[in-house]
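Peer 1: To be precise about what I am sending: the file is called upload-v5.cif and holds mmCIF, N, CA and C atoms.
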```cif
data_protein
loop_
_atom_site.group_PDB
_atom_site.id
_atom_site.type_symbol
_atom_site.label_atom_id
_atom_site.label_comp_id
_atom_site.auth_asym_id
_atom_site.auth_seq_id
_atom_site.Cartn_x
_atom_site.Cartn_y
_atom_site.Cartn_z
ATOM 1 N N MET W 368 -22.641 4.744 -55.508
ATOM 2 C CA MET W 368 -21.465 5.359 -54.911
ATOM 3 C C MET W 368 -20.917 6.458 -55.810
ATOM 4 N N LYS W 369 -20.757 6.170 -57.105
ATOM 5 C CA LYS W 369 -20.219 7.190 -58.006
ATOM 6 C C LYS W 369 -21.178 8.357 -58.179
ATOM 7 N N LYS W 370 -22.478 8.076 -58.118
ATOM 8 C CA LYS W 370 -23.455 9.155 -58.270
ATOM 9 C C LYS W 370 -23.320 10.172 -57.147
ATOM 10 N N THR W 371 -23.152 9.714 -55.923
ATOM 11 C CA THR W 371 -23.042 10.642 -54.806
ATOM 12 C C THR W 371 -21.749 11.441 -54.882
ATOM 13 N N LEU W 372 -20.665 10.807 -55.331
ATOM 14 C CA LEU W 372 -19.409 11.541 -55.487
ATOM 15 C C LEU W 372 -19.544 12.645 -56.529
ATOM 16 N N LEU W 373 -20.148 12.317 -57.657
ATOM 17 C CA LEU W 373 -20.337 13.317 -58.706
ATOM 18 C C LEU W 373 -21.299 14.421 -58.268
ATOM 19 N N LEU W 374 -22.333 14.042 -57.539
ATOM 20 C CA LEU W 374 -23.282 15.029 -57.038
ATOM 21 C C LEU W 374 -22.598 15.983 -56.055
ATOM 22 N N ASN W 375 -21.819 15.423 -55.137
ATOM 23 C CA ASN W 375 -21.112 16.265 -54.168
ATOM 24 C C ASN W 375 -20.060 17.133 -54.847
ATOM 25 N N TYR W 376 -19.356 16.570 -55.800
ATOM 26 C CA TYR W 376 -18.353 17.347 -56.529
ATOM 27 C C TYR W 376 -19.015 18.487 -57.303
ATOM 28 N N GLY W 377 -20.136 18.208 -57.946
ATOM 29 C CA GLY W 377 -20.874 19.251 -58.660
ATOM 30 C C GLY W 377 -21.393 20.320 -57.725
ATOM 31 N N LEU W 378 -21.875 19.916 -56.557
ATOM 32 C CA LEU W 378 -22.355 20.887 -55.570
ATOM 33 C C LEU W 378 -21.214 21.758 -55.064
ATOM 34 N N LEU W 379 -20.037 21.179 -54.866
ATOM 35 C CA LEU W 379 -18.873 21.963 -54.453
ATOM 36 C C LEU W 379 -18.482 22.984 -55.522
ATOM 37 N N ILE W 380 -18.555 22.579 -56.773
ATOM 38 C CA ILE W 380 -18.225 23.503 -57.866
ATOM 39 C C ILE W 380 -19.250 24.644 -57.916
ATOM 40 N N ILE W 381 -20.519 24.312 -57.784
ATOM 41 C CA ILE W 381 -21.564 25.338 -57.814
ATOM 42 C C ILE W 381 -21.397 26.314 -56.650
ATOM 43 N N LEU W 382 -21.127 25.799 -55.451
ATOM 44 C CA LEU W 382 -20.933 26.677 -54.300
ATOM 45 C C LEU W 382 -19.696 27.553 -54.461
ATOM 46 N N THR W 383 -18.640 27.013 -55.050
ATOM 47 C CA THR W 383 -17.424 27.791 -55.263
ATOM 48 C C THR W 383 -17.655 28.899 -56.286
ATOM 49 N N VAL W 384 -18.331 28.580 -57.363
ATOM 50 C CA VAL W 384 -18.630 29.591 -58.381
ATOM 51 C C VAL W 384 -19.556 30.662 -57.813
ATOM 52 N N THR W 385 -20.533 30.249 -57.016
ATOM 53 C CA THR W 385 -21.429 31.207 -56.384
ATOM 54 C C THR W 385 -20.668 32.140 -55.447
ATOM 55 N N THR W 386 -19.743 31.579 -54.676
ATOM 56 C CA THR W 386 -18.932 32.398 -53.775
ATOM 57 C C THR W 386 -18.081 33.389 -54.563
ATOM 58 N N ALA W 387 -17.482 32.935 -55.644
ATOM 59 C CA ALA W 387 -16.672 33.832 -56.470
ATOM 60 C C ALA W 387 -17.529 34.928 -57.084
ATOM 61 N N PHE W 388 -18.716 34.565 -57.545
ATOM 62 C CA PHE W 388 -19.624 35.561 -58.118
ATOM 63 C C PHE W 388 -20.025 36.602 -57.072
ATOM 64 N N LEU W 389 -20.368 36.145 -55.878
ATOM 65 C CA LEU W 389 -20.772 37.075 -54.820
ATOM 66 C C LEU W 389 -19.638 38.017 -54.431
ATOM 67 N N SER W 390 -18.426 37.508 -54.408
ATOM 68 C CA SER W 390 -17.315 38.354 -53.971
ATOM 69 C C SER W 390 -16.858 39.322 -55.055
ATOM 70 N N ASN W 391 -17.091 39.002 -56.313
ATOM 71 C CA ASN W 391 -16.610 39.853 -57.400
ATOM 72 C C ASN W 391 -17.648 40.813 -57.964
ATOM 73 N N TYR W 392 -18.905 40.419 -57.987
ATOM 74 C CA TYR W 392 -19.890 41.202 -58.712
ATOM 75 C C TYR W 392 -20.907 41.914 -57.850
ATOM 76 N N THR W 393 -20.729 41.890 -56.545
ATOM 77 C CA THR W 393 -21.616 42.654 -55.682
ATOM 78 C C THR W 393 -20.773 43.515 -54.768
ATOM 79 N N SER W 394 -21.368 44.585 -54.300
ATOM 80 C CA SER W 394 -20.660 45.357 -53.285
ATOM 81 C C SER W 394 -20.650 44.523 -52.011
ATOM 82 N N ILE W 395 -19.567 44.616 -51.277
ATOM 83 C CA ILE W 395 -19.430 43.789 -50.084
ATOM 84 C C ILE W 395 -20.350 44.332 -48.998
ATOM 85 N N THR W 396 -21.458 43.646 -48.817
ATOM 86 C CA THR W 396 -22.419 44.004 -47.786
ATOM 87 C C THR W 396 -22.475 42.876 -46.765
ATOM 88 N N ASN W 397 -23.210 43.108 -45.704
ATOM 89 C CA ASN W 397 -23.361 42.064 -44.694
ATOM 90 C C ASN W 397 -24.041 40.826 -45.258
ATOM 91 N N VAL W 398 -24.980 41.034 -46.155
ATOM 92 C CA VAL W 398 -25.686 39.898 -46.749
ATOM 93 C C VAL W 398 -24.733 39.051 -47.589
ATOM 94 N N ALA W 399 -23.892 39.700 -48.373
ATOM 95 C CA ALA W 399 -22.942 38.958 -49.203
ATOM 96 C C ALA W 399 -21.950 38.186 -48.346
ATOM 97 N N VAL W 400 -21.465 38.805 -47.290
ATOM 98 C CA VAL W 400 -20.518 38.126 -46.399
ATOM 99 C C VAL W 400 -21.193 36.950 -45.703
ATOM 100 N N ASN W 401 -22.433 37.141 -45.271
ATOM 101 C CA ASN W 401 -23.170 36.046 -44.637
ATOM 102 C C ASN W 401 -23.358 34.875 -45.595
ATOM 103 N N LEU W 402 -23.728 35.170 -46.831
ATOM 104 C CA LEU W 402 -23.910 34.104 -47.821
ATOM 105 C C LEU W 402 -22.606 33.375 -48.117
ATOM 106 N N ILE W 403 -21.511 34.116 -48.182
ATOM 107 C CA ILE W 403 -20.211 33.490 -48.436
ATOM 108 C C ILE W 403 -19.814 32.584 -47.275
ATOM 109 N N LEU W 404 -20.048 33.031 -46.036
ATOM 110 C CA LEU W 404 -19.718 32.199 -44.873
ATOM 111 C C LEU W 404 -20.587 30.947 -44.806
ATOM 112 N N VAL W 405 -21.860 31.074 -45.110
ATOM 113 C CA VAL W 405 -22.750 29.917 -45.084
ATOM 114 C C VAL W 405 -22.371 28.930 -46.194
ATOM 115 N N ALA W 406 -22.039 29.435 -47.371
ATOM 116 C CA ALA W 406 -21.600 28.556 -48.456
ATOM 117 C C ALA W 406 -20.300 27.842 -48.079
ATOM 118 N N SER W 407 -19.406 28.545 -47.423
ATOM 119 C CA SER W 407 -18.158 27.924 -46.984
ATOM 120 C C SER W 407 -18.412 26.846 -45.933
ATOM 121 N N ALA W 408 -19.365 27.073 -45.055
ATOM 122 C CA ALA W 408 -19.709 26.064 -44.052
ATOM 123 C C ALA W 408 -20.272 24.811 -44.720
ATOM 124 N N PHE W 409 -21.138 25.002 -45.716
ATOM 125 C CA PHE W 409 -21.679 23.855 -46.444
ATOM 126 C C PHE W 409 -20.571 23.093 -47.173
ATOM 127 N N LYS W 410 -19.642 23.828 -47.773
ATOM 128 C CA LYS W 410 -18.532 23.171 -48.455
ATOM 129 C C LYS W 410 -17.689 22.370 -47.468
ATOM 130 N N PHE W 411 -17.453 22.931 -46.289
ATOM 131 C CA PHE W 411 -16.694 22.227 -45.265
ATOM 132 C C PHE W 411 -17.384 20.930 -44.860
ATOM 133 N N ILE W 412 -18.704 20.992 -44.662
ATOM 134 C CA ILE W 412 -19.446 19.795 -44.255
ATOM 135 C C ILE W 412 -19.419 18.736 -45.352
ATOM 136 N N ILE W 413 -19.566 19.147 -46.607
ATOM 137 C CA ILE W 413 -19.520 18.191 -47.712
ATOM 138 C C ILE W 413 -18.157 17.516 -47.786
ATOM 139 N N VAL W 414 -17.100 18.296 -47.692
ATOM 140 C CA VAL W 414 -15.752 17.727 -47.766
ATOM 141 C C VAL W 414 -15.492 16.811 -46.575
ATOM 142 N N ALA W 415 -15.879 17.236 -45.391
ATOM 143 C CA ALA W 415 -15.619 16.433 -44.197
ATOM 144 C C ALA W 415 -16.377 15.114 -44.222
ATOM 145 N N PHE W 416 -17.635 15.150 -44.590
ATOM 146 C CA PHE W 416 -18.428 13.931 -44.533
ATOM 147 C C PHE W 416 -18.206 13.016 -45.729
ATOM 148 N N GLN W 417 -18.010 13.557 -46.912
ATOM 149 C CA GLN W 417 -17.879 12.718 -48.091
ATOM 150 C C GLN W 417 -16.438 12.321 -48.362
ATOM 151 N N PHE W 418 -15.560 13.285 -48.480
ATOM 152 C CA PHE W 418 -14.217 12.993 -48.944
ATOM 153 C C PHE W 418 -13.259 12.608 -47.818
ATOM 154 N N MET W 419 -13.538 13.033 -46.574
ATOM 155 C CA MET W 419 -12.738 12.610 -45.434
ATOM 156 C C MET W 419 -13.391 11.433 -44.722
ATOM 157 N N GLU W 420 -14.497 10.951 -45.265
ATOM 158 C CA GLU W 420 -15.249 9.793 -44.790
ATOM 159 C C GLU W 420 -15.657 9.904 -43.333
ATOM 160 N N LEU W 421 -16.071 11.090 -42.943
ATOM 161 C CA LEU W 421 -16.570 11.285 -41.592
ATOM 162 C C LEU W 421 -17.929 10.622 -41.403
ATOM 163 N N LYS W 422 -18.619 10.350 -42.505
ATOM 164 C CA LYS W 422 -19.924 9.701 -42.398
ATOM 165 C C LYS W 422 -19.814 8.282 -41.855
ATOM 166 N N LYS W 423 -18.620 7.678 -41.934
ATOM 167 C CA LYS W 423 -18.401 6.340 -41.397
ATOM 168 C C LYS W 423 -17.829 6.382 -39.984
ATOM 169 N N ALA W 424 -17.571 7.562 -39.458
ATOM 170 C CA ALA W 424 -16.935 7.698 -38.151
ATOM 171 C C ALA W 424 -17.968 7.577 -37.027
ATOM 172 N N ASN W 425 -17.453 7.566 -35.818
ATOM 173 C CA ASN W 425 -18.283 7.521 -34.629
ATOM 174 C C ASN W 425 -19.145 8.785 -34.554
ATOM 175 N N ALA W 426 -20.300 8.665 -33.927
ATOM 176 C CA ALA W 426 -21.224 9.794 -33.825
ATOM 177 C C ALA W 426 -20.604 10.965 -33.069
ATOM 178 N N PHE W 427 -19.711 10.692 -32.118
ATOM 179 C CA PHE W 427 -19.049 11.754 -31.379
ATOM 180 C C PHE W 427 -18.295 12.679 -32.321
ATOM 181 N N TRP W 428 -17.583 12.116 -33.288
ATOM 182 C CA TRP W 428 -16.788 12.935 -34.204
ATOM 183 C C TRP W 428 -17.669 13.721 -35.156
ATOM 184 N N LYS W 429 -18.766 13.134 -35.567
ATOM 185 C CA LYS W 429 -19.699 13.854 -36.428
ATOM 186 C C LYS W 429 -20.266 15.082 -35.722
ATOM 187 N N VAL W 430 -20.742 14.861 -34.512
ATOM 188 C CA VAL W 430 -21.331 15.949 -33.741
ATOM 189 C C VAL W 430 -20.281 16.986 -33.384
ATOM 190 N N SER W 431 -19.090 16.548 -33.005
ATOM 191 C CA SER W 431 -18.061 17.504 -32.588
ATOM 192 C C SER W 431 -17.609 18.388 -33.742
ATOM 193 N N VAL W 432 -17.512 17.845 -34.936
ATOM 194 C CA VAL W 432 -17.122 18.659 -36.089
ATOM 195 C C VAL W 432 -18.186 19.711 -36.387
ATOM 196 N N ILE W 433 -19.438 19.324 -36.329
ATOM 197 C CA ILE W 433 -20.519 20.271 -36.595
ATOM 198 C C ILE W 433 -20.587 21.335 -35.499
ATOM 199 N N VAL W 434 -20.399 20.939 -34.243
ATOM 200 C CA VAL W 434 -20.434 21.903 -33.142
ATOM 201 C C VAL W 434 -19.281 22.889 -33.250
ATOM 202 N N VAL W 435 -18.080 22.403 -33.556
ATOM 203 C CA VAL W 435 -16.930 23.308 -33.703
ATOM 204 C C VAL W 435 -17.148 24.266 -34.864
ATOM 205 N N LEU W 436 -17.676 23.783 -35.972
ATOM 206 C CA LEU W 436 -17.980 24.659 -37.099
ATOM 207 C C LEU W 436 -18.993 25.723 -36.677
ATOM 208 N N PHE W 437 -20.018 25.321 -35.948
ATOM 209 C CA PHE W 437 -21.018 26.267 -35.459
ATOM 210 C C PHE W 437 -20.395 27.300 -34.519
ATOM 211 N N LEU W 438 -19.493 26.852 -33.643
ATOM 212 C CA LEU W 438 -18.841 27.758 -32.701
ATOM 213 C C LEU W 438 -17.879 28.722 -33.387
ATOM 214 N N ILE W 439 -17.391 28.374 -34.547
ATOM 215 C CA ILE W 439 -16.507 29.275 -35.294
ATOM 216 C C ILE W 439 -17.316 30.260 -36.131
ATOM 217 N N ILE W 440 -18.339 29.780 -36.814
ATOM 218 C CA ILE W 440 -19.099 30.605 -37.746
ATOM 219 C C ILE W 440 -20.039 31.580 -37.027
ATOM 220 N N THR W 441 -20.690 31.143 -35.964
ATOM 221 C CA THR W 441 -21.695 31.964 -35.288
ATOM 222 C C THR W 441 -21.134 33.290 -34.756
ATOM 223 N N PRO W 442 -20.016 33.298 -34.020
ATOM 224 C CA PRO W 442 -19.505 34.609 -33.557
ATOM 225 C C PRO W 442 -19.108 35.541 -34.698
ATOM 226 N N ILE W 443 -18.586 34.978 -35.776
ATOM 227 C CA ILE W 443 -18.221 35.799 -36.921
ATOM 228 C C ILE W 443 -19.465 36.450 -37.524
ATOM 229 N N LEU W 444 -20.514 35.651 -37.701
ATOM 230 C CA LEU W 444 -21.758 36.201 -38.247
ATOM 231 C C LEU W 444 -22.360 37.255 -37.315
ATOM 232 N N LEU W 445 -22.288 37.013 -36.018
ATOM 233 C CA LEU W 445 -22.816 38.001 -35.069
ATOM 234 C C LEU W 445 -22.012 39.289 -35.094
ATOM 235 N N LEU W 446 -20.703 39.185 -35.187
ATOM 236 C CA LEU W 446 -19.874 40.385 -35.245
ATOM 237 C C LEU W 446 -20.100 41.185 -36.529
ATOM 238 N N ILE W 447 -20.286 40.482 -37.626
ATOM 239 C CA ILE W 447 -20.514 41.168 -38.904
ATOM 240 C C ILE W 447 -21.861 41.874 -38.907
ATOM 241 N N ASN W 448 -22.876 41.221 -38.364
ATOM 242 C CA ASN W 448 -24.221 41.814 -38.380
ATOM 243 C C ASN W 448 -24.379 42.940 -37.380
ATOM 244 N N ASN W 449 -23.558 42.978 -36.343
ATOM 245 C CA ASN W 449 -23.657 44.053 -35.353
ATOM 246 C C ASN W 449 -22.855 45.279 -35.727
ATOM 247 N N SER W 450 -21.960 45.163 -36.685
ATOM 248 C CA SER W 450 -21.146 46.333 -37.048
ATOM 249 C C SER W 450 -21.804 47.189 -38.102
#
```
Can you present the structure in this file as structure tokens?

Peer 2:
Amino acid sequence: MKKTLLLNYGLLIILTVTTAFLSNYTSITNVAVNLILVASAFKFIIVAFQFMELKKANAFWKVSVIVVLFLIITPILLLINNS
């Protein structure tokens, strides 16, 4: 149990540092924005399933959270890539 918490916490720190690095040290391109959005989606899933204990919830809630995240992120990525 503690190993998974530490692993998830470490992964969240790595994703946060990566996001900060991408936003500060690269010119803001579509690729950088896409990577930042994907990293944010992964962070959201880790927090929702591990720390909000969604992994113990009904399958409906698991699927609905992932679908809503997909419905939010996908149009943003499409709009960024088309501009």

Peer 1: Give me the residues within 8 Å of range 436-448 of chain W as a list in words, counting all atoms listed in the file and dropping any in the same chain fewer than 2 places off.

Peer 2: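 Near neighbours after the sequence-gap exclusion: Thr396, Asn397, Val398, Val400, Asn401, Leu404, Val405, Ala408, Val430, Ser431, Val432, Ile433, Val434 and Ser450 of chain W.
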
Peer 1: Could you tell me how far CA of Ser394 in chain W lies from CA of Phe411 in chain W, in Å and to one decimal?

Peer 2: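 Here the two named atoms are 24.8 Å from each other.
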
Peer 1: Let me know the residues the PyMOL selection byres (((chain W and resi 374-376 and name CA) around 12) and name CA) catches in the file above, as a PDB file with N, CA and C atoms, in the frame of the given file.

Peer 2:
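Output file result17.pdb is given in full below:
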```pdb
ATOM      1  N   MET W 368     -22.641   4.744 -55.508  1.00  0.00           N
ATOM      2  CA  MET W 368     -21.465   5.359 -54.911  1.00  0.00           C
ATOM      3  C   MET W 368     -20.917   6.458 -55.810  1.00  0.00           C
ATOM      4  N   LYS W 369     -20.757   6.170 -57.105  1.00  0.00           N
ATOM      5  CA  LYS W 369     -20.219   7.190 -58.006  1.00  0.00           C
ATOM      6  C   LYS W 369     -21.178   8.357 -58.179  1.00  0.00           C
ATOM      7  N   LYS W 370     -22.478   8.076 -58.118  1.00  0.00           N
ATOM      8  CA  LYS W 370     -23.455   9.155 -58.270  1.00  0.00           C
ATOM      9  C   LYS W 370     -23.320  10.172 -57.147  1.00  0.00           C
ATOM     10  N   THR W 371     -23.152   9.714 -55.923  1.00  0.00           N
ATOM     11  CA  THR W 371     -23.042  10.642 -54.806  1.00  0.00           C
ATOM     12  C   THR W 371     -21.749  11.441 -54.882  1.00  0.00           C
ATOM     13  N   LEU W 372     -20.665  10.807 -55.331  1.00  0.00           N
ATOM     14  CA  LEU W 372     -19.409  11.541 -55.487  1.00  0.00           C
ATOM     15  C   LEU W 372     -19.544  12.645 -56.529  1.00  0.00           C
ATOM     16  N   LEU W 373     -20.148  12.317 -57.657  1.00  0.00           N
ATOM     17  CA  LEU W 373     -20.337  13.317 -58.706  1.00  0.00           C
ATOM     18  C   LEU W 373     -21.299  14.421 -58.268  1.00  0.00           C
ATOM     19  N   GLY W 377     -20.136  18.208 -57.946  1.00  0.00           N
ATOM     20  CA  GLY W 377     -20.874  19.251 -58.660  1.00  0.00           C
ATOM     21  C   GLY W 377     -21.393  20.320 -57.725  1.00  0.00           C
ATOM     22  N   LEU W 378     -21.875  19.916 -56.557  1.00  0.00           N
ATOM     23  CA  LEU W 378     -22.355  20.887 -55.570  1.00  0.00           C
ATOM     24  C   LEU W 378     -21.214  21.758 -55.064  1.00  0.00           C
ATOM     25  N   LEU W 379     -20.037  21.179 -54.866  1.00  0.00           N
ATOM     26  CA  LEU W 379     -18.873  21.963 -54.453  1.00  0.00           C
ATOM     27  C   LEU W 379     -18.482  22.984 -55.522  1.00  0.00           C
ATOM     28  N   ILE W 380     -18.555  22.579 -56.773  1.00  0.00           N
ATOM     29  CA  ILE W 380     -18.225  23.503 -57.866  1.00  0.00           C
ATOM     30  C   ILE W 380     -19.250  24.644 -57.916  1.00  0.00           C
ATOM     31  N   ILE W 381     -20.519  24.312 -57.784  1.00  0.00           N
ATOM     32  CA  ILE W 381     -21.564  25.338 -57.814  1.00  0.00           C
ATOM     33  C   ILE W 381     -21.397  26.314 -56.650  1.00  0.00           C
ATOM     34  N   LEU W 382     -21.127  25.799 -55.451  1.00  0.00           N
ATOM     35  CA  LEU W 382     -20.933  26.677 -54.300  1.00  0.00           C
ATOM     36  C   LEU W 382     -19.696  27.553 -54.461  1.00  0.00           C
ATOM     37  N   THR W 383     -18.640  27.013 -55.050  1.00  0.00           N
ATOM     38  CA  THR W 383     -17.424  27.791 -55.263  1.00  0.00           C
ATOM     39  C   THR W 383     -17.655  28.899 -56.286  1.00  0.00           C
ATOM     40  N   PHE W 409     -21.138  25.002 -45.716  1.00  0.00           N
ATOM     41  CA  PHE W 409     -21.679  23.855 -46.444  1.00  0.00           C
ATOM     42  C   PHE W 409     -20.571  23.093 -47.173  1.00  0.00           C
ATOM     43  N   LYS W 410     -19.642  23.828 -47.773  1.00  0.00           N
ATOM     44  CA  LYS W 410     -18.532  23.171 -48.455  1.00  0.00           C
ATOM     45  C   LYS W 410     -17.689  22.370 -47.468  1.00  0.00           C
ATOM     46  N   PHE W 411     -17.453  22.931 -46.289  1.00  0.00           N
ATOM     47  CA  PHE W 411     -16.694  22.227 -45.265  1.00  0.00           C
ATOM     48  C   PHE W 411     -17.384  20.930 -44.860  1.00  0.00           C
ATOM     49  N   ILE W 412     -18.704  20.992 -44.662  1.00  0.00           N
ATOM     50  CA  ILE W 412     -19.446  19.795 -44.255  1.00  0.00           C
ATOM     51  C   ILE W 412     -19.419  18.736 -45.352  1.00  0.00           C
ATOM     52  N   ILE W 413     -19.566  19.147 -46.607  1.00  0.00           N
ATOM     53  CA  ILE W 413     -19.520  18.191 -47.712  1.00  0.00           C
ATOM     54  C   ILE W 413     -18.157  17.516 -47.786  1.00  0.00           C
ATOM     55  N   VAL W 414     -17.100  18.296 -47.692  1.00  0.00           N
ATOM     56  CA  VAL W 414     -15.752  17.727 -47.766  1.00  0.00           C
ATOM     57  C   VAL W 414     -15.492  16.811 -46.575  1.00  0.00           C
ATOM     58  N   ALA W 415     -15.879  17.236 -45.391  1.00  0.00           N
ATOM     59  CA  ALA W 415     -15.619  16.433 -44.197  1.00  0.00           C
ATOM     60  C   ALA W 415     -16.377  15.114 -44.222  1.00  0.00           C
ATOM     61  N   PHE W 416     -17.635  15.150 -44.590  1.00  0.00           N
ATOM     62  CA  PHE W 416     -18.428  13.931 -44.533  1.00  0.00           C
ATOM     63  C   PHE W 416     -18.206  13.016 -45.729  1.00  0.00           C
ATOM     64  N   GLN W 417     -18.010  13.557 -46.912  1.00  0.00           N
ATOM     65  CA  GLN W 417     -17.879  12.718 -48.091  1.00  0.00           C
ATOM     66  C   GLN W 417     -16.438  12.321 -48.362  1.00  0.00           C
ATOM     67  N   PHE W 418     -15.560  13.285 -48.480  1.00  0.00           N
ATOM     68  CA  PHE W 418     -14.217  12.993 -48.944  1.00  0.00           C
ATOM     69  C   PHE W 418     -13.259  12.608 -47.818  1.00  0.00           C
TER      70      PHE W 418
END
```

Peer 1: Taking all atoms of range 419-429 of chain W that appear in the file, build a box with edges along x, y and z, extend it by 4 Å on every side, and state its centre and edge lengths in Å to one decimal, as AutoDock Vina command-line options.

Peer 2:
```
--center_x -17.0 --center_y 10.7 --center_z -39.0 --size_x 16.5 --size_y 16.7 --size_z 23.2
```

Peer 1: When you draw a straight line from atom N of Ala424 in chain W to atom N of Ala406 in chain W, how long is it in Å?

Peer 2: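 For atom N of Ala424 in chain W relative to atom N of Ala406 in chain W, the distance reads 23.7 Å.
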
Peer 1: CA of Ser407 in chain W to atom C of Val384 in chain W: how many Å, to one decimal?

Peer 2: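 Atom C of Val384 in chain W lies 11.3 Å from CA of Ser407 in chain W.
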
Peer 1: Select, counting only C-alpha atoms, all protein, DNA and RNA residues no farther than 7 Å from (-22.4, 35.1, -51.1) in file coordinates, and express the selection as an MDAnalysis selection string.

Peer 2: chainID W and resid 385:386 389:390 399:403
